[in-house]
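Student: Please find input.pdb (PDB, C-alpha atoms (C1' of nucleotides)) on the next line:
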```pdb
ATOM      1  CA  MET A   1       5.949 -62.309   0.388
ATOM      2  CA  GLY A   2       8.080 -61.771  -2.687
ATOM      3  CA  GLU A   3       6.285 -62.932  -5.745
ATOM      4  CA  HIS A   4       8.743 -62.241  -8.553
ATOM      5  CA  PRO A   5      12.393 -63.125  -8.245
ATOM      6  CA  GLY A   6      14.653 -60.141  -8.829
ATOM      7  CA  GLU A   7      17.207 -60.026 -11.584
ATOM      8  CA  PHE A   8      20.209 -60.970  -9.502
ATOM      9  CA  GLU A   9      18.246 -63.798  -7.915
ATOM     10  CA  GLN A  10      17.623 -65.213 -11.358
ATOM     11  CA  ILE A  11      21.277 -64.945 -12.243
ATOM     12  CA  VAL A  12      22.221 -66.815  -9.101
ATOM     13  CA  MET A  13      19.756 -69.613  -9.769
ATOM     14  CA  LEU A  14      21.002 -69.972 -13.316
ATOM     15  CA  ALA A  15      24.568 -70.268 -12.081
ATOM     16  CA  VAL A  16      23.542 -72.947  -9.585
ATOM     17  CA  LEU A  17      21.703 -74.833 -12.297
ATOM     18  CA  ARG A  18      24.646 -74.785 -14.614
ATOM     19  CA  LEU A  19      27.108 -75.906 -11.975
ATOM     20  CA  GLY A  20      24.980 -78.907 -11.056
ATOM     21  CA  ASP A  21      26.612 -80.926  -8.291
ATOM     22  CA  LYS A  22      29.502 -78.473  -8.034
ATOM     23  CA  ALA A  23      27.386 -75.581  -6.847
ATOM     24  CA  TYR A  24      28.748 -74.003  -3.689
ATOM     25  CA  GLY A  25      29.687 -70.431  -2.854
ATOM     26  CA  VAL A  26      33.048 -69.961  -4.498
ATOM     27  CA  PRO A  27      32.321 -71.536  -7.906
ATOM     28  CA  ILE A  28      28.904 -69.887  -8.035
ATOM     29  CA  ARG A  29      30.559 -66.555  -7.602
ATOM     30  CA  ARG A  30      33.188 -67.296 -10.219
ATOM     31  CA  GLU A  31      30.553 -68.491 -12.645
ATOM     32  CA  ILE A  32      28.561 -65.294 -12.341
ATOM     33  CA  GLU A  33      31.593 -63.079 -12.701
ATOM     34  CA  LYS A  34      32.652 -64.967 -15.785
ATOM     35  CA  ARG A  35      29.314 -65.338 -17.575
ATOM     36  CA  ALA A  36      27.413 -62.284 -16.469
ATOM     37  CA  GLY A  37      30.556 -60.191 -16.583
ATOM     38  CA  ARG A  38      29.912 -58.373 -13.384
ATOM     39  CA  ALA A  39      31.659 -58.282 -10.028
ATOM     40  CA  VAL A  40      29.941 -60.054  -7.172
ATOM     41  CA  THR A  41      30.900 -59.568  -3.561
ATOM     42  CA  VAL A  42      30.629 -62.503  -1.185
ATOM     43  CA  GLY A  43      28.062 -60.737   0.950
ATOM     44  CA  ALA A  44      25.809 -60.034  -2.012
ATOM     45  CA  LEU A  45      25.965 -63.642  -3.051
ATOM     46  CA  TYR A  46      25.249 -65.329   0.252
ATOM     47  CA  SER A  47      22.450 -63.024   1.281
ATOM     48  CA  THR A  48      20.796 -63.710  -2.051
ATOM     49  CA  LEU A  49      21.325 -67.446  -1.674
ATOM     50  CA  ASP A  50      19.765 -67.290   1.802
ATOM     51  CA  ARG A  51      16.767 -65.394   0.531
ATOM     52  CA  LEU A  52      16.245 -67.821  -2.307
ATOM     53  CA  GLU A  53      16.356 -70.690   0.113
ATOM     54  CA  ALA A  54      13.856 -68.954   2.399
ATOM     55  CA  LYS A  55      11.479 -68.705  -0.555
ATOM     56  CA  GLY A  56      11.862 -72.380  -1.340
ATOM     57  CA  TYR A  57      13.593 -71.723  -4.660
ATOM     58  CA  LEU A  58      16.837 -73.310  -3.500
ATOM     59  CA  SER A  59      17.847 -75.880  -0.927
ATOM     60  CA  SER A  60      21.273 -76.279   0.654
ATOM     61  CA  TRP A  61      23.247 -78.745   2.765
ATOM     62  CA  PHE A  62      26.742 -79.052   4.152
ATOM     63  CA  ALA A  63      29.117 -81.639   2.737
ATOM     64  CA  ASP A  64      31.994 -83.285   4.565
ATOM     65  CA  PRO A  65      35.105 -81.116   4.572
ATOM     66  CA  VAL A  66      37.586 -81.934   1.836
ATOM     67  CA  PRO A  67      41.211 -82.733   2.779
ATOM     68  CA  GLU A  68      42.752 -79.622   1.306
ATOM     69  CA  ARG A  69      44.330 -76.549   2.658
ATOM     70  CA  GLY A  70      41.511 -74.424   4.044
ATOM     71  CA  GLY A  71      39.193 -77.308   3.275
ATOM     72  CA  ARG A  72      36.311 -76.135   5.363
ATOM     73  CA  SER A  73      33.005 -77.844   4.727
ATOM     74  CA  ARG A  74      31.138 -76.525   1.770
ATOM     75  CA  ARG A  75      27.536 -75.525   1.573
ATOM     76  CA  TYR A  76      26.060 -76.928  -1.622
ATOM     77  CA  PHE A  77      22.982 -75.625  -3.367
ATOM     78  CA  ARG A  78      20.338 -77.081  -5.622
ATOM     79  CA  VAL A  79      17.494 -75.355  -7.474
ATOM     80  CA  GLU A  80      14.099 -76.628  -6.349
ATOM     81  CA  PRO A  81      11.092 -77.056  -8.657
ATOM     82  CA  ALA A  82       9.625 -73.767  -7.447
ATOM     83  CA  GLY A  83      12.855 -72.092  -8.521
ATOM     84  CA  ILE A  84      12.745 -73.677 -11.965
ATOM     85  CA  GLU A  85       9.176 -72.562 -12.332
ATOM     86  CA  ALA A  86      10.025 -69.000 -11.288
ATOM     87  CA  LEU A  87      12.929 -68.921 -13.746
ATOM     88  CA  THR A  88      11.006 -70.184 -16.726
ATOM     89  CA  SER A  89       8.000 -67.987 -16.127
ATOM     90  CA  ALA A  90      10.224 -64.934 -15.762
ATOM     91  CA  ARG A  91      11.861 -65.837 -19.015
ATOM     92  CA  GLN A  92       8.577 -66.330 -20.831
ATOM     93  CA  MET A  93       7.377 -63.017 -19.530
ATOM     94  CA  PHE A  94      10.451 -61.283 -20.926
ATOM     95  CA  ASP A  95      10.019 -63.016 -24.249
ATOM     96  CA  ARG A  96       6.488 -61.668 -24.467
ATOM     97  CA  MET A  97       7.644 -58.186 -23.555
ATOM     98  CA  TRP A  98      10.426 -58.235 -26.151
ATOM     99  CA  LYS A  99       8.389 -59.792 -28.905
ATOM    100  CA  GLY A 100       7.964 -57.385 -31.777
ATOM    101  CA  VAL A 101       9.793 -54.546 -30.079
ATOM    102  CA  ARG A 102      11.891 -52.680 -32.575
ATOM    103  CA  LEU A 103      14.793 -50.685 -31.234
ATOM    104  CA  ALA A 104      14.443 -47.078 -32.386
TER
ATOM    105  CA  MET B   1      24.046 -44.759  -8.565
ATOM    106  CA  GLY B   2      22.194 -47.739  -9.892
ATOM    107  CA  GLU B   3      24.257 -49.613 -12.381
ATOM    108  CA  HIS B   4      21.957 -52.415 -13.476
ATOM    109  CA  PRO B   5      18.315 -51.742 -14.221
ATOM    110  CA  GLY B   6      15.989 -53.890 -12.143
ATOM    111  CA  GLU B   7      13.544 -56.284 -13.677
ATOM    112  CA  PHE B   8      10.522 -54.075 -13.435
ATOM    113  CA  GLU B   9      12.474 -51.161 -14.862
ATOM    114  CA  GLN B  10      13.239 -53.235 -17.914
ATOM    115  CA  ILE B  11       9.605 -54.192 -18.291
ATOM    116  CA  VAL B  12       8.579 -50.553 -18.160
ATOM    117  CA  MET B  13      11.128 -49.529 -20.785
ATOM    118  CA  LEU B  14       9.988 -52.315 -23.077
ATOM    119  CA  ALA B  15       6.392 -51.187 -22.744
ATOM    120  CA  VAL B  16       7.375 -47.609 -23.571
ATOM    121  CA  LEU B  17       9.324 -48.794 -26.587
ATOM    122  CA  ARG B  18       6.449 -50.807 -27.907
ATOM    123  CA  LEU B  19       3.918 -48.030 -27.451
ATOM    124  CA  GLY B  20       6.056 -45.580 -29.395
ATOM    125  CA  ASP B  21       4.374 -42.192 -29.576
ATOM    126  CA  LYS B  22       1.456 -43.366 -27.476
ATOM    127  CA  ALA B  23       3.492 -43.944 -24.354
ATOM    128  CA  TYR B  24       2.030 -42.193 -21.330
ATOM    129  CA  GLY B  25       1.011 -43.504 -17.919
ATOM    130  CA  VAL B  26      -2.307 -45.190 -18.529
ATOM    131  CA  PRO B  27      -1.469 -47.154 -21.707
ATOM    132  CA  ILE B  28       1.929 -48.107 -20.320
ATOM    133  CA  ARG B  29       0.213 -49.619 -17.357
ATOM    134  CA  ARG B  30      -2.318 -51.435 -19.499
ATOM    135  CA  GLU B  31       0.399 -52.752 -21.755
ATOM    136  CA  ILE B  32       2.330 -54.224 -18.863
ATOM    137  CA  GLU B  33      -0.721 -55.811 -17.309
ATOM    138  CA  LYS B  34      -1.647 -57.356 -20.614
ATOM    139  CA  ARG B  35       1.747 -58.578 -21.808
ATOM    140  CA  ALA B  36       3.532 -59.302 -18.581
ATOM    141  CA  GLY B  37       0.365 -60.622 -17.019
ATOM    142  CA  ARG B  38       0.858 -58.960 -13.702
ATOM    143  CA  ALA B  39      -0.969 -56.241 -11.833
ATOM    144  CA  VAL B  40       0.694 -52.844 -11.673
ATOM    145  CA  THR B  41      -0.374 -50.121  -9.300
ATOM    146  CA  VAL B  42      -0.117 -46.521 -10.400
ATOM    147  CA  GLY B  43       2.377 -45.706  -7.698
ATOM    148  CA  ALA B  44       4.713 -48.504  -8.676
ATOM    149  CA  LEU B  45       4.622 -47.373 -12.279
ATOM    150  CA  TYR B  46       5.257 -43.664 -11.838
ATOM    151  CA  SER B  47       7.982 -44.032  -9.265
ATOM    152  CA  THR B  48       9.751 -46.378 -11.644
ATOM    153  CA  LEU B  49       9.279 -43.989 -14.561
ATOM    154  CA  ASP B  50      10.725 -41.185 -12.465
ATOM    155  CA  ARG B  51      13.738 -43.235 -11.501
ATOM    156  CA  LEU B  52      14.366 -44.236 -15.090
ATOM    157  CA  GLU B  53      14.223 -40.634 -16.152
ATOM    158  CA  ALA B  54      16.611 -39.639 -13.358
ATOM    159  CA  LYS B  55      19.079 -42.195 -14.704
ATOM    160  CA  GLY B  56      18.787 -40.844 -18.210
ATOM    161  CA  TYR B  57      17.163 -44.007 -19.560
ATOM    162  CA  LEU B  58      13.907 -42.219 -20.339
ATOM    163  CA  SER B  59      12.862 -38.675 -21.090
ATOM    164  CA  SER B  60       9.410 -37.197 -20.643
ATOM    165  CA  TRP B  61       7.426 -34.098 -21.590
ATOM    166  CA  PHE B  62       3.893 -32.857 -21.175
ATOM    167  CA  ALA B  63       1.607 -32.667 -24.182
ATOM    168  CA  ASP B  64      -1.256 -30.249 -24.620
ATOM    169  CA  PRO B  65      -4.374 -31.439 -22.834
ATOM    170  CA  VAL B  66      -6.806 -33.297 -25.047
ATOM    171  CA  PRO B  67     -10.393 -32.032 -25.283
ATOM    172  CA  GLU B  68     -11.975 -34.929 -23.458
ATOM    173  CA  ARG B  69     -13.631 -35.378 -20.166
ATOM    174  CA  GLY B  70     -10.875 -35.500 -17.562
ATOM    175  CA  GLY B  71      -8.454 -34.571 -20.308
ATOM    176  CA  ARG B  72      -5.623 -33.540 -18.071
ATOM    177  CA  SER B  73      -2.341 -33.096 -19.871
ATOM    178  CA  ARG B  74      -0.468 -36.287 -20.411
ATOM    179  CA  ARG B  75       3.123 -36.971 -19.643
ATOM    180  CA  TYR B  76       4.677 -38.823 -22.540
ATOM    181  CA  PHE B  77       7.796 -40.941 -22.363
ATOM    182  CA  ARG B  78      10.523 -41.980 -24.732
ATOM    183  CA  VAL B  79      13.393 -44.415 -24.250
ATOM    184  CA  GLU B  80      16.759 -42.736 -24.593
ATOM    185  CA  PRO B  81      19.851 -44.361 -26.128
ATOM    186  CA  ALA B  82      21.236 -45.132 -22.677
ATOM    187  CA  GLY B  83      17.997 -47.018 -21.968
ATOM    188  CA  ILE B  84      18.260 -49.022 -25.170
ATOM    189  CA  GLU B  85      21.828 -49.871 -24.328
ATOM    190  CA  ALA B  86      20.879 -50.973 -20.807
ATOM    191  CA  LEU B  87      18.058 -53.123 -22.179
ATOM    192  CA  THR B  88      20.110 -54.880 -24.807
ATOM    193  CA  SER B  89      23.042 -55.514 -22.545
ATOM    194  CA  ALA B  90      20.757 -56.946 -19.866
ATOM    195  CA  ARG B  91      19.254 -59.211 -22.452
ATOM    196  CA  GLN B  92      22.594 -60.392 -23.756
ATOM    197  CA  MET B  93      23.701 -61.092 -20.230
ATOM    198  CA  PHE B  94      20.648 -63.264 -19.644
ATOM    199  CA  ASP B  95      21.221 -65.090 -22.894
ATOM    200  CA  ARG B  96      24.716 -65.937 -21.769
ATOM    201  CA  MET B  97      23.476 -67.117 -18.408
ATOM    202  CA  TRP B  98      20.789 -69.311 -19.946
ATOM    203  CA  LYS B  99      22.958 -70.727 -22.680
ATOM    204  CA  GLY B 100      23.422 -74.441 -22.223
ATOM    205  CA  VAL B 101      21.473 -74.609 -18.977
ATOM    206  CA  ARG B 102      19.425 -77.744 -18.853
ATOM    207  CA  LEU B 103      16.410 -77.769 -16.568
ATOM    208  CA  ALA B 104      16.391 -80.607 -14.050
TER
ATOM    209  C1'  DC C   1      54.857 -81.386  17.610
ATOM    210  C1'  DC C   2      53.443 -76.738  18.774
ATOM    211  C1'  DG C   3      51.774 -72.533  17.375
ATOM    212  C1'  DC C   4      50.744 -69.281  14.003
ATOM    213  C1'  DA C   5      50.341 -67.683   9.170
ATOM    214  C1'  DT C   6      47.736 -68.959   5.237
ATOM    215  C1'  DT C   7      43.951 -70.590   2.700
ATOM    216  C1'  DT C   8      39.122 -71.672   1.587
ATOM    217  C1'  DG C   9      34.738 -70.837   2.768
ATOM    218  C1'  DA C  10      30.685 -69.002   5.266
ATOM    219  C1'  DT C  11      28.256 -65.555   8.273
ATOM    220  C1'  DC C  12      27.064 -60.910  10.044
ATOM    221  C1'  DT C  13      25.820 -56.077   9.945
ATOM    222  C1'  DA C  14      24.527 -52.054   7.739
ATOM    223  C1'  DC C  15      22.924 -49.495   4.165
ATOM    224  C1'  DA C  16      21.368 -48.291  -0.829
ATOM    225  C1'  DA C  17      18.401 -49.193  -4.682
ATOM    226  C1'  DT C  18      14.266 -50.937  -6.401
ATOM    227  C1'  DG C  19       9.489 -52.488  -6.053
ATOM    228  C1'  DC C  20       4.895 -51.796  -4.436
ATOM    229  C1'  DA C  21       0.567 -49.834  -2.487
ATOM    230  C1'  DG C  22      -3.016 -46.611  -1.954
ATOM    231  C1'  DA C  23      -4.432 -42.003  -0.962
ATOM    232  C1'  DA C  24      -4.307 -37.418  -2.512
ATOM    233  C1'  DA C  25      -3.908 -33.809  -5.814
ATOM    234  C1'  DT C  26      -4.922 -31.607 -10.478
ATOM    235  C1'  DA C  27      -7.417 -30.305 -14.283
ATOM    236  C1'  DA C  28     -10.489 -30.973 -17.540
ATOM    237  C1'  DT C  29     -15.746 -31.882 -18.993
ATOM    238  C1'  DC C  30     -20.743 -32.618 -17.896
TER
ATOM    239  C1'  DG D   1     -20.180 -29.580  -8.040
ATOM    240  C1'  DA D   2     -19.837 -34.454  -9.537
ATOM    241  C1'  DT D   3     -17.236 -37.212 -12.557
ATOM    242  C1'  DT D   4     -13.371 -38.689 -15.221
ATOM    243  C1'  DA D   5      -8.517 -39.169 -16.584
ATOM    244  C1'  DT D   6      -4.233 -38.578 -15.138
ATOM    245  C1'  DT D   7      -0.315 -37.588 -12.257
ATOM    246  C1'  DT D   8       1.981 -36.840  -7.684
ATOM    247  C1'  DC D   9       2.963 -37.911  -2.893
ATOM    248  C1'  DT D  10       4.217 -40.678   1.193
ATOM    249  C1'  DG D  11       5.517 -44.722   3.348
ATOM    250  C1'  DC D  12       6.969 -49.180   3.676
ATOM    251  C1'  DA D  13       8.763 -53.975   1.827
ATOM    252  C1'  DT D  14      11.954 -56.464  -0.876
ATOM    253  C1'  DT D  15      16.119 -56.949  -3.219
ATOM    254  C1'  DG D  16      20.882 -55.603  -4.099
ATOM    255  C1'  DT D  17      25.617 -54.493  -2.439
ATOM    256  C1'  DA D  18      29.684 -53.922   0.454
ATOM    257  C1'  DG D  19      33.107 -55.289   3.472
ATOM    258  C1'  DA D  20      34.465 -56.963   7.857
ATOM    259  C1'  DT D  21      34.458 -60.871  10.627
ATOM    260  C1'  DC D  22      34.235 -65.663  11.944
ATOM    261  C1'  DA D  23      35.508 -70.599  11.242
ATOM    262  C1'  DA D  24      38.079 -74.550  10.277
ATOM    263  C1'  DA D  25      41.318 -76.735   7.891
ATOM    264  C1'  DT D  26      46.514 -77.313   6.283
ATOM    265  C1'  DG D  27      51.512 -75.947   6.005
ATOM    266  C1'  DC D  28      55.620 -74.709   8.041
ATOM    267  C1'  DG D  29      59.297 -72.649  11.086
ATOM    268  C1'  DG D  30      61.349 -73.568  15.269
TER
END
```
What's the structure tokens form of this structure?
Tutor:
Amino acid sequence: MGEHPGEFEQIVMLAVLRLGDKAYGVPIRREIEKRAGRAVTVGALYSTLDRLEAKGYLSSWFADPVPERGGRSRRYFRVEPAGIEALTSARQMFDRMWKGVRLA
Amino acid sequence: MGEHPGEFEQIVMLAVLRLGDKAYGVPIRREIEKRAGRAVTVGALYSTLDRLEAKGYLSSWFADPVPERGGRSRRYFRVEPAGIEALTSARQMFDRMWKGVRLA
DNA sequence: CCGCATTTGATCTACAATGCAGAAATAATC
DNA sequence: GATTATTTCTGCATTGTAGATCAAATGCGG
């Protein structure tokens, strides 16, 4: 069982958090590319989302399709309490590791 | 080629940085267990150190053995500029991702 | 209107990189 | 030779990444 969330997993959860009720695949991906400044392939994103859900860090559900071109039904995501907890403890851990470190 | 350093890799580099000229296997491990609050097996640590060195983020050299019981020669580590750069850019990226995120 | 190109979105498959564990090896002192 | 400190080795688990494929909706030419 994975204890610590990996770096990319954290990034994904943060993007979901920020997007709130607009968090589904496409915007999540855009958000990460914009904020984190790194390219994200669809495959990388969804497999990570699936793994996070399997761990209970995220939950997801399908919404009714929207009446737009290509308006297939979207899978929305929400960060669960366990995910919040994992995020904040990872952050605190990094703060402790950085504290007092002077760069060369 | 690994582009982004993983989470544990960052932790290890931070421990090496903090320890300065006292950074070899045993204290690095102790430092991580103490600050990060998580158990670290020897294997996990050295394989990570090796990978970081292979990427040019760390360098290492062997010092003369110390005159102590079991005083085998120690392998010391130093964080290279590329490592510093990787650390700071990872941190900035996380800051951007966290910025403005409200929990629950 | 029928059928197909187009669009948005999600899933699948395969592989690479990183994380983790514990046993074994090495070299020194007692 | 037993003990101690330290590093190396081997194997497997988890996480990261890529790109092709599948799915379902609308738009449009005929």
Student: Would you work out the distance separating atom CA of A:Ile11 from atom C1' of C:DT13, expressed in Å to one decimal?
Tutor: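 Atom-to-atom, atom CA of A:Ile11 and atom C1' of C:DT13 are spaced 24.3 Å apart.
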Student: Give me the result of the PyMOL selection byres ((chain B) within 7 of (chain D)) on this file, residue by residue, as a ChimeraX atom specification.
Tutor: /B:69-72,74
Student: What separation in Å, quoted to one decimal, exists between atom CA of B:Arg18 and atom CA of B:Ala86?
Tutor: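 So the answer is 16.1 Å.
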Student: Could you work out how far atom CA of A:Tyr57 lies from atom CA of A:Pro81, giving the answer in Å with one decimal?
Tutor: 7.1 Å
Student: Give me, as a Markdown table, the closest atom pair and its distance (Å, one decimal) for every residue of chain C within a cut-off of 12 Å of chain A, counting only C-alpha atoms (C1' of nucleotides), rows sorted by chain and rising number.
Tutor:
```
| residue | atom | partner | partner_atom | distance |
| --- | --- | --- | --- | --- |
| C:DT6 | C1' | A:Gly70 | CA | 8.4 |
| C:DT7 | C1' | A:Gly70 | CA | 4.7 |
| C:DT8 | C1' | A:Gly70 | CA | 4.4 |
| C:DG9 | C1' | A:Arg72 | CA | 6.1 |
| C:DA10 | C1' | A:Arg75 | CA | 8.1 |
| C:DT11 | C1' | A:Tyr46 | CA | 8.6 |
| C:DC12 | C1' | A:Gly43 | CA | 9.2 |
| C:DT13 | C1' | A:Gly43 | CA | 10.4 |
| C:DA14 | C1' | A:Gly43 | CA | 11.6 |
| C:DT18 | C1' | A:Gly6 | CA | 9.5 |
| C:DG19 | C1' | A:Gly6 | CA | 9.6 |
| C:DC20 | C1' | A:Gly2 | CA | 10.6 |
```
Student: Residues as selected, C-alpha atoms (C1' of nucleotides), written as an mmCIF file, in the frame of the given file, can you do that?
Tutor:
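Full text of result.cif as output:
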```
data_model
loop_
_atom_site.group_PDB
_atom_site.id
_atom_site.type_symbol
_atom_site.label_atom_id
_atom_site.label_comp_id
_atom_site.auth_asym_id
_atom_site.auth_seq_id
_atom_site.Cartn_x
_atom_site.Cartn_y
_atom_site.Cartn_z
ATOM 1 C "C1'" DT C 6 47.736 -68.959 5.237
ATOM 2 C "C1'" DT C 7 43.951 -70.590 2.700
ATOM 3 C "C1'" DT C 8 39.122 -71.672 1.587
ATOM 4 C "C1'" DG C 9 34.738 -70.837 2.768
ATOM 5 C "C1'" DA C 10 30.685 -69.002 5.266
ATOM 6 C "C1'" DT C 11 28.256 -65.555 8.273
ATOM 7 C "C1'" DC C 12 27.064 -60.910 10.044
ATOM 8 C "C1'" DT C 13 25.820 -56.077 9.945
ATOM 9 C "C1'" DA C 14 24.527 -52.054 7.739
ATOM 10 C "C1'" DT C 18 14.266 -50.937 -6.401
ATOM 11 C "C1'" DG C 19 9.489 -52.488 -6.053
ATOM 12 C "C1'" DC C 20 4.895 -51.796 -4.436
#
```
Student: Would you kindly report the residues of chain B within 8 Å of chain A, using all atoms listed in the file, as JSON, numbers by chain?
Tutor: {"B": [6, 7, 11, 14, 15, 17, 18, 35, 36, 37, 84, 93, 94, 96, 97, 98, 100, 101, 102, 103]}
Student: Identify which of the residues B:Leu45, B:Lys22, B:Glu9, B:Arg30 lies closest to C:DA21, counting all atoms listed in the file when measuring atom-to-atom distances.
Tutor: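 Distance minimum relative to C:DA21 lands on B:Leu45.
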Student: Take stretch 64-89 of chain A, bring it up to N, CA and C atoms, and give me the output as a PDB file, in the coordinates of the input.
Tutor:
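That gives us part07.pdb:
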```pdb
ATOM      1  N   ASP A  64      30.818 -83.039   3.736  1.00  0.00           N
ATOM      2  CA  ASP A  64      31.994 -83.285   4.565  1.00  0.00           C
ATOM      3  C   ASP A  64      33.147 -82.431   4.054  1.00  0.00           C
ATOM      4  N   PRO A  65      33.953 -81.931   4.967  1.00  0.00           N
ATOM      5  CA  PRO A  65      35.105 -81.116   4.572  1.00  0.00           C
ATOM      6  C   PRO A  65      36.048 -81.912   3.682  1.00  0.00           C
ATOM      7  N   VAL A  66      36.627 -81.254   2.694  1.00  0.00           N
ATOM      8  CA  VAL A  66      37.586 -81.934   1.836  1.00  0.00           C
ATOM      9  C   VAL A  66      38.991 -81.777   2.409  1.00  0.00           C
ATOM     10  N   PRO A  67      39.874 -82.774   2.198  1.00  0.00           N
ATOM     11  CA  PRO A  67      41.211 -82.733   2.779  1.00  0.00           C
ATOM     12  C   PRO A  67      42.164 -81.859   1.981  1.00  0.00           C
ATOM     13  N   GLU A  68      41.903 -80.575   2.022  1.00  0.00           N
ATOM     14  CA  GLU A  68      42.752 -79.622   1.306  1.00  0.00           C
ATOM     15  C   GLU A  68      43.030 -78.465   2.219  1.00  0.00           C
ATOM     16  N   ARG A  69      44.031 -77.745   1.871  1.00  0.00           N
ATOM     17  CA  ARG A  69      44.330 -76.549   2.658  1.00  0.00           C
ATOM     18  C   ARG A  69      43.085 -75.671   2.691  1.00  0.00           C
ATOM     19  N   GLY A  70      42.715 -75.247   3.892  1.00  0.00           N
ATOM     20  CA  GLY A  70      41.511 -74.424   4.044  1.00  0.00           C
ATOM     21  C   GLY A  70      40.237 -75.175   3.739  1.00  0.00           C
ATOM     22  N   GLY A  71      40.339 -76.509   3.704  1.00  0.00           N
ATOM     23  CA  GLY A  71      39.193 -77.308   3.275  1.00  0.00           C
ATOM     24  C   GLY A  71      38.031 -77.336   4.250  1.00  0.00           C
ATOM     25  N   ARG A  72      37.475 -76.214   4.482  1.00  0.00           N
ATOM     26  CA  ARG A  72      36.311 -76.135   5.363  1.00  0.00           C
ATOM     27  C   ARG A  72      35.103 -76.735   4.646  1.00  0.00           C
ATOM     28  N   SER A  73      34.119 -77.167   5.395  1.00  0.00           N
ATOM     29  CA  SER A  73      33.005 -77.844   4.727  1.00  0.00           C
ATOM     30  C   SER A  73      32.168 -76.871   3.901  1.00  0.00           C
ATOM     31  N   ARG A  74      31.806 -77.376   2.750  1.00  0.00           N
ATOM     32  CA  ARG A  74      31.138 -76.525   1.770  1.00  0.00           C
ATOM     33  C   ARG A  74      29.626 -76.632   1.864  1.00  0.00           C
ATOM     34  N   ARG A  75      28.990 -75.513   1.575  1.00  0.00           N
ATOM     35  CA  ARG A  75      27.536 -75.525   1.573  1.00  0.00           C
ATOM     36  C   ARG A  75      27.085 -75.595   0.112  1.00  0.00           C
ATOM     37  N   TYR A  76      26.499 -76.728  -0.238  1.00  0.00           N
ATOM     38  CA  TYR A  76      26.060 -76.928  -1.622  1.00  0.00           C
ATOM     39  C   TYR A  76      24.617 -76.498  -1.824  1.00  0.00           C
ATOM     40  N   PHE A  77      24.328 -76.102  -3.046  1.00  0.00           N
ATOM     41  CA  PHE A  77      22.982 -75.625  -3.367  1.00  0.00           C
ATOM     42  C   PHE A  77      22.389 -76.382  -4.549  1.00  0.00           C
ATOM     43  N   ARG A  78      21.065 -76.456  -4.513  1.00  0.00           N
ATOM     44  CA  ARG A  78      20.338 -77.081  -5.622  1.00  0.00           C
ATOM     45  C   ARG A  78      19.098 -76.229  -5.885  1.00  0.00           C
ATOM     46  N   VAL A  79      18.707 -76.108  -7.136  1.00  0.00           N
ATOM     47  CA  VAL A  79      17.494 -75.355  -7.474  1.00  0.00           C
ATOM     48  C   VAL A  79      16.290 -76.273  -7.321  1.00  0.00           C
ATOM     49  N   GLU A  80      15.320 -75.838  -6.564  1.00  0.00           N
ATOM     50  CA  GLU A  80      14.099 -76.628  -6.349  1.00  0.00           C
ATOM     51  C   GLU A  80      13.090 -76.368  -7.466  1.00  0.00           C
ATOM     52  N   PRO A  81      12.104 -77.232  -7.608  1.00  0.00           N
ATOM     53  CA  PRO A  81      11.092 -77.056  -8.657  1.00  0.00           C
ATOM     54  C   PRO A  81      10.466 -75.656  -8.663  1.00  0.00           C
ATOM     55  N   ALA A  82      10.195 -75.121  -7.493  1.00  0.00           N
ATOM     56  CA  ALA A  82       9.625 -73.767  -7.447  1.00  0.00           C
ATOM     57  C   ALA A  82      10.577 -72.755  -8.089  1.00  0.00           C
ATOM     58  N   GLY A  83      11.863 -72.988  -7.927  1.00  0.00           N
ATOM     59  CA  GLY A  83      12.855 -72.092  -8.521  1.00  0.00           C
ATOM     60  C   GLY A  83      12.863 -72.211 -10.035  1.00  0.00           C
ATOM     61  N   ILE A  84      12.800 -73.437 -10.519  1.00  0.00           N
ATOM     62  CA  ILE A  84      12.745 -73.677 -11.965  1.00  0.00           C
ATOM     63  C   ILE A  84      11.528 -72.969 -12.554  1.00  0.00           C
ATOM     64  N   GLU A  85      10.424 -73.176 -11.891  1.00  0.00           N
ATOM     65  CA  GLU A  85       9.176 -72.562 -12.332  1.00  0.00           C
ATOM     66  C   GLU A  85       9.295 -71.039 -12.381  1.00  0.00           C
ATOM     67  N   ALA A  86       9.869 -70.462 -11.331  1.00  0.00           N
ATOM     68  CA  ALA A  86      10.025 -69.000 -11.288  1.00  0.00           C
ATOM     69  C   ALA A  86      10.923 -68.528 -12.433  1.00  0.00           C
ATOM     70  N   LEU A  87      12.000 -69.277 -12.675  1.00  0.00           N
ATOM     71  CA  LEU A  87      12.929 -68.921 -13.746  1.00  0.00           C
ATOM     72  C   LEU A  87      12.265 -68.962 -15.114  1.00  0.00           C
ATOM     73  N   THR A  88      11.592 -70.053 -15.391  1.00  0.00           N
ATOM     74  CA  THR A  88      11.006 -70.184 -16.726  1.00  0.00           C
ATOM     75  C   THR A  88       9.873 -69.189 -16.930  1.00  0.00           C
ATOM     76  N   SER A  89       9.091 -68.920 -15.891  1.00  0.00           N
ATOM     77  CA  SER A  89       8.000 -67.987 -16.127  1.00  0.00           C
ATOM     78  C   SER A  89       8.538 -66.569 -16.280  1.00  0.00           C
TER      79      SER A  89
END
```
